[in-house]
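A.B. asks: Take this structure, written in structure tokens, and hold onto it; I'll ask about it next.
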Amino acid sequence: MAAYNERVMDHFRNPRNVGVIEDANGVGEVGNAKCGDIMKMYLKIENDVLTDVKFSTFGCGAAVATSSMATELIKGKSINDALKLTNKAVVEALEGLPPVKIHCSVLAEQAVKTAVADYYTRRGLTPPPEAIVEESDEEEFIANDE
Amino acid sequence: MTVYADNAATTQMSQTALDTIIPLLRETYGNASSIHSTGQEALKILDTARSKVAAALNAEPREIYFTSGGTESDNWAINSAAELGAKQGKKHLISSAIEHHAVLHTLNKLKKNGFEVTLLPVTNEGFVTPESLKAAIRDDTALVTIMQANNEVGTIQPIKELAAIAHERKVPFHTDAVQAVAHIPVDVKALDVDMLSLSGHKFHGPKGVGALYVRKSQKLTPFMEGGAQERSRRAGTENVPGIASMAAALEHSVNNLDANIKAVSALRDKLIAGLPGKLPKVILNGAKDGNLRLPGNVNVCFEGIEGESLLLLLDMAGIRGSSGSACTSGSLDPSHVLLALGLPHGTAHGSLRLSLGEFNTDAEIDYILEQVPPIVERLRAMSPIWEKISKS
């Protein structure tokens, strides 16, 4: 198991913006149960501003913490600013993640983008290119046995 | 309250083991190979320890080789049998899908060096069937190695029956008994095994010490070259204090085996019965029959949640456990054992192993039963998978 810093543990213990937005107008789900992480992001967008953001996550401590941090970083921001969120920014805001957990921050970034893309699709519009998530190859990790 | 429920990973040293090792570290510093009295004193301690370990397994002292632990014992037994087999043109090895990585990774390495490896499947409770071994064994099989009890799900294999099948075909049989020794009866003659691995820290002895039992008629190639220690097969100055401490811990456990099995099984059964509580979708992994399951093993899957998150929250509540989730294994896949039992990936990620021992108490079980359900509910409440499971 990875050792997390205090900031990550704080977001894991007390995740911000957990839950469901019933009348969300943008929802994105990324990851899969096979690799053990699924993030679902709910957005309420009014006049191009993310007025409310909530998430639910099935995953490890880092998956919960990166989801939580991502929602904090985009809440109240414009769509354009939300789409500028990078996994690196999430990691920096959390003051670092163990190397094997970096993929969780990638999922957090992808969850936001997928939810924004859904917002456009629902309105019959083509999502901006920045919101398109490319399928990435699963990373290979070196087994680290007990 | 702090509850250590990870005894399958390692155990706290017992008073007997500590009382043995501490004075030896200070006073019995001699090299057991030295001719002088200080060395001979160490040799005497070493001989006594060998006799104790042999007695605990119903073996002869000369059949016991001290090692650095279970991993070394497994590596040694398998590599030796492979080397001896290859000399006779036998390059096929049989094991099971749920072995420890000390066995599986050794076999993988041999596979790269031209050996063929058959991993027998297991039933959904984790049993290797005698039929599957009968079907897999060949004229060129050099070794069958099947663990006596599984570290994750606690299933105890029908070793005696499996060894008999191997012997009918004149194939040597090794068992990784790291989780079994000092926890259930282990008698090398009754089991009729040719080689058996054990590890001191799994039964309240020190870390870094183990043993390999090798039947006197079974050939064994040297593990390390150097001095003439361990019948010239495992060179290096012996860790006399560690070995003596392990032997004392083993003797103590074996002397109290019946009482320990009774007490620890009772804790286990209470935990298994109580863990689902009011929670839906909780699956018990491993053998349903308590007599075919390690006395201290509890392994369940809580559908809809992930194991590492569960472990972190349990740790905050003072409960130390383990999980077969990918995040805890350091890879993207959950435990190979749970997958071999037929669990889907999503479910296997939500496993929790609580492994109990003689130091656990009834009050600790009550505490676990009180703490686990709200933690599982908390994680399920924020899980998109649980949202789907609970709706369907």
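Lettering and numbering for the structure tokens are positional, with chains as A, B, ... in the shown order, residues counted from 1 in each chain, and ligands counted from 1 in the shown order.
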Taking only segment 12-138 of chain A into account, list the residues labelled helix (DSSP H, G or I) by DSSP (computed from the backbone), as a ChimeraX atom specification.

C.D. replies: /A:12-13,61-74,79-83,87-93,99-122,129-131

A.B. asks: What are the closest atom pairs, with distances in Å to one decimal, for all residues of chain B lying within 9 Å of chain A? Consider only C-alpha atoms, order rows by chain and residue number, and present the result as a Markdown table.

C.D. replies:
```
| residue | atom | partner | partner_atom | distance |
| --- | --- | --- | --- | --- |
| B:Ala9 | CA | A:Glu146 | CA | 7.7 |
| B:His101 | CA | A:Asp145 | CA | 8.3 |
| B:Gly304 | CA | A:Phe58 | CA | 7.3 |
| B:Ile305 | CA | A:Phe58 | CA | 6.0 |
| B:Glu306 | CA | A:Gly59 | CA | 5.2 |
| B:Gly307 | CA | A:Cys60 | CA | 7.2 |
| B:Glu308 | CA | A:Cys60 | CA | 5.1 |
| B:Ser309 | CA | A:Cys60 | CA | 4.9 |
| B:Leu310 | CA | A:Cys60 | CA | 8.3 |
| B:Leu312 | CA | A:Gly61 | CA | 7.4 |
| B:Leu313 | CA | A:Arg13 | CA | 7.8 |
| B:Ser325 | CA | A:Gly36 | CA | 7.5 |
| B:Ala326 | CA | A:Gly36 | CA | 6.6 |
| B:Cys327 | CA | A:Cys60 | CA | 6.5 |
| B:Thr328 | CA | A:Met1 | CA | 4.6 |
| B:Ser329 | CA | A:Asp145 | CA | 6.2 |
| B:Gly330 | CA | A:Ala143 | CA | 5.0 |
| B:Ser331 | CA | A:Ala143 | CA | 5.4 |
| B:Leu332 | CA | A:Cys35 | CA | 5.1 |
| B:Asp333 | CA | A:Cys35 | CA | 6.0 |
| B:Pro334 | CA | A:Cys35 | CA | 7.8 |
| B:Pro344 | CA | A:Lys34 | CA | 8.2 |
| B:His345 | CA | A:Lys34 | CA | 5.0 |
| B:Gly346 | CA | A:Ala33 | CA | 4.7 |
| B:Thr347 | CA | A:Ala33 | CA | 8.4 |
| B:His349 | CA | A:Gly36 | CA | 6.2 |
| B:Gly350 | CA | A:Gly36 | CA | 8.9 |
| B:Leu379 | CA | A:Phe58 | CA | 7.9 |
| B:Arg380 | CA | A:Phe58 | CA | 8.2 |
| B:Ala381 | CA | A:Gly19 | CA | 8.1 |
| B:Met382 | CA | A:Ser56 | CA | 4.8 |
| B:Ser383 | CA | A:Phe58 | CA | 4.7 |
| B:Pro384 | CA | A:Ser56 | CA | 5.7 |
| B:Ile385 | CA | A:Phe58 | CA | 6.6 |
| B:Trp386 | CA | A:Phe58 | CA | 8.3 |
```

A.B. asks: With distances taken over only C-alpha atoms, which of B:Ile159, B:Leu341, B:Val214, B:Met316 is nearest to Trp76 of chain B?

C.D. replies: B:Val214

A.B. asks: To test your reading of the structure, identify every residue in segment 17-136 of chain A that backbone DSSP assigns to strand (DSSP E), and report it as a ChimeraX atom specification.

C.D. replies: /A:26-32,37-46,49-58

A.B. asks: Give me, as a list of chain:residue names, all polymer residues having an atom no more than 7 Å from Ile319 of chain B, counting only C-alpha atoms and skipping those fewer than 3 positions away in the same chain.

C.D. replies: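 Near neighbours after the sequence-gap exclusion: B:Thr2, B:Val3, B:Tyr4, B:Ala5, B:Leu314, B:Asp315.
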
A.B. asks: Write the residues of the preceding selection, restricted to C-alpha atoms, as a compact mmCIF listing (two decimals), in the first residue's frame.

C.D. replies:
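What ended up in again_24.txt:
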```
# COMPACT_ATOMS: atom_id res chain seq x y z
CA THR B 2 -5.77 -1.12 18.28
CA VAL B 3 -6.47 -4.53 16.79
CA TYR B 4 -3.69 -6.31 14.91
CA ALA B 5 -5.53 -8.62 12.53
CA LEU B 314 -10.00 0.65 9.16
CA ASP B 315 -6.45 1.67 10.04
```

A.B. asks: At a cut-off of 8 Å, using only C-alpha atoms, what residues contact Asn79 of chain B? Leave out same-chain residues fewer than 3 positions from it and give the result as a PyMOL selection string.

C.D. replies: chain B and resi 75-76+82-83+106+110

A.B. asks: Excluding Lys44 of chain B and any residue of its chain fewer than 2 positions from it, enumerate the residues within 12 Å of it, using only C-alpha atoms, and give them as a ChimeraX atom specification.

C.D. replies: /B:28,30-34,37-42,46-51,240-241,244

A.B. asks: Can you tell me which residues surround Asn47 of chain A at a distance of at most 10 Å, considering only C-alpha atoms, apart from same-chain residues fewer than 4 positions away, and format the answer as an MDAnalysis selection string?

C.D. replies: chainID A and resid 51 78:79

A.B. asks: Can I get the selected residues back with N, CA and C atoms, as a short mmCIF file (atom, residue, chain, number, x, y, z; two decimals), in the first residue's frame?

C.D. replies:
```cif
data_model
loop_
_atom_site.label_atom_id
_atom_site.label_comp_id
_atom_site.auth_asym_id
_atom_site.auth_seq_id
_atom_site.Cartn_x
_atom_site.Cartn_y
_atom_site.Cartn_z
N THR A 51 -21.41 25.98 -11.57
CA THR A 51 -21.92 26.48 -10.29
C THR A 51 -21.92 25.41 -9.21
N SER A 78 -15.12 28.90 -14.98
CA SER A 78 -15.77 28.84 -16.28
C SER A 78 -15.43 27.50 -16.94
N ILE A 79 -16.21 27.16 -17.95
CA ILE A 79 -15.94 25.91 -18.68
C ILE A 79 -14.50 25.92 -19.22
#
```

A.B. asks: Tell me which protein, DNA and RNA residues are within 7 Å of segment 108-120 of chain A, counting only C-alpha atoms, leaving out same-chain ones fewer than 3 positions away, and put them as a ChimeraX atom specification.

C.D. replies: /A:25-30,39-43,66-67,70,83,85-87,104-105,123-127,131-133
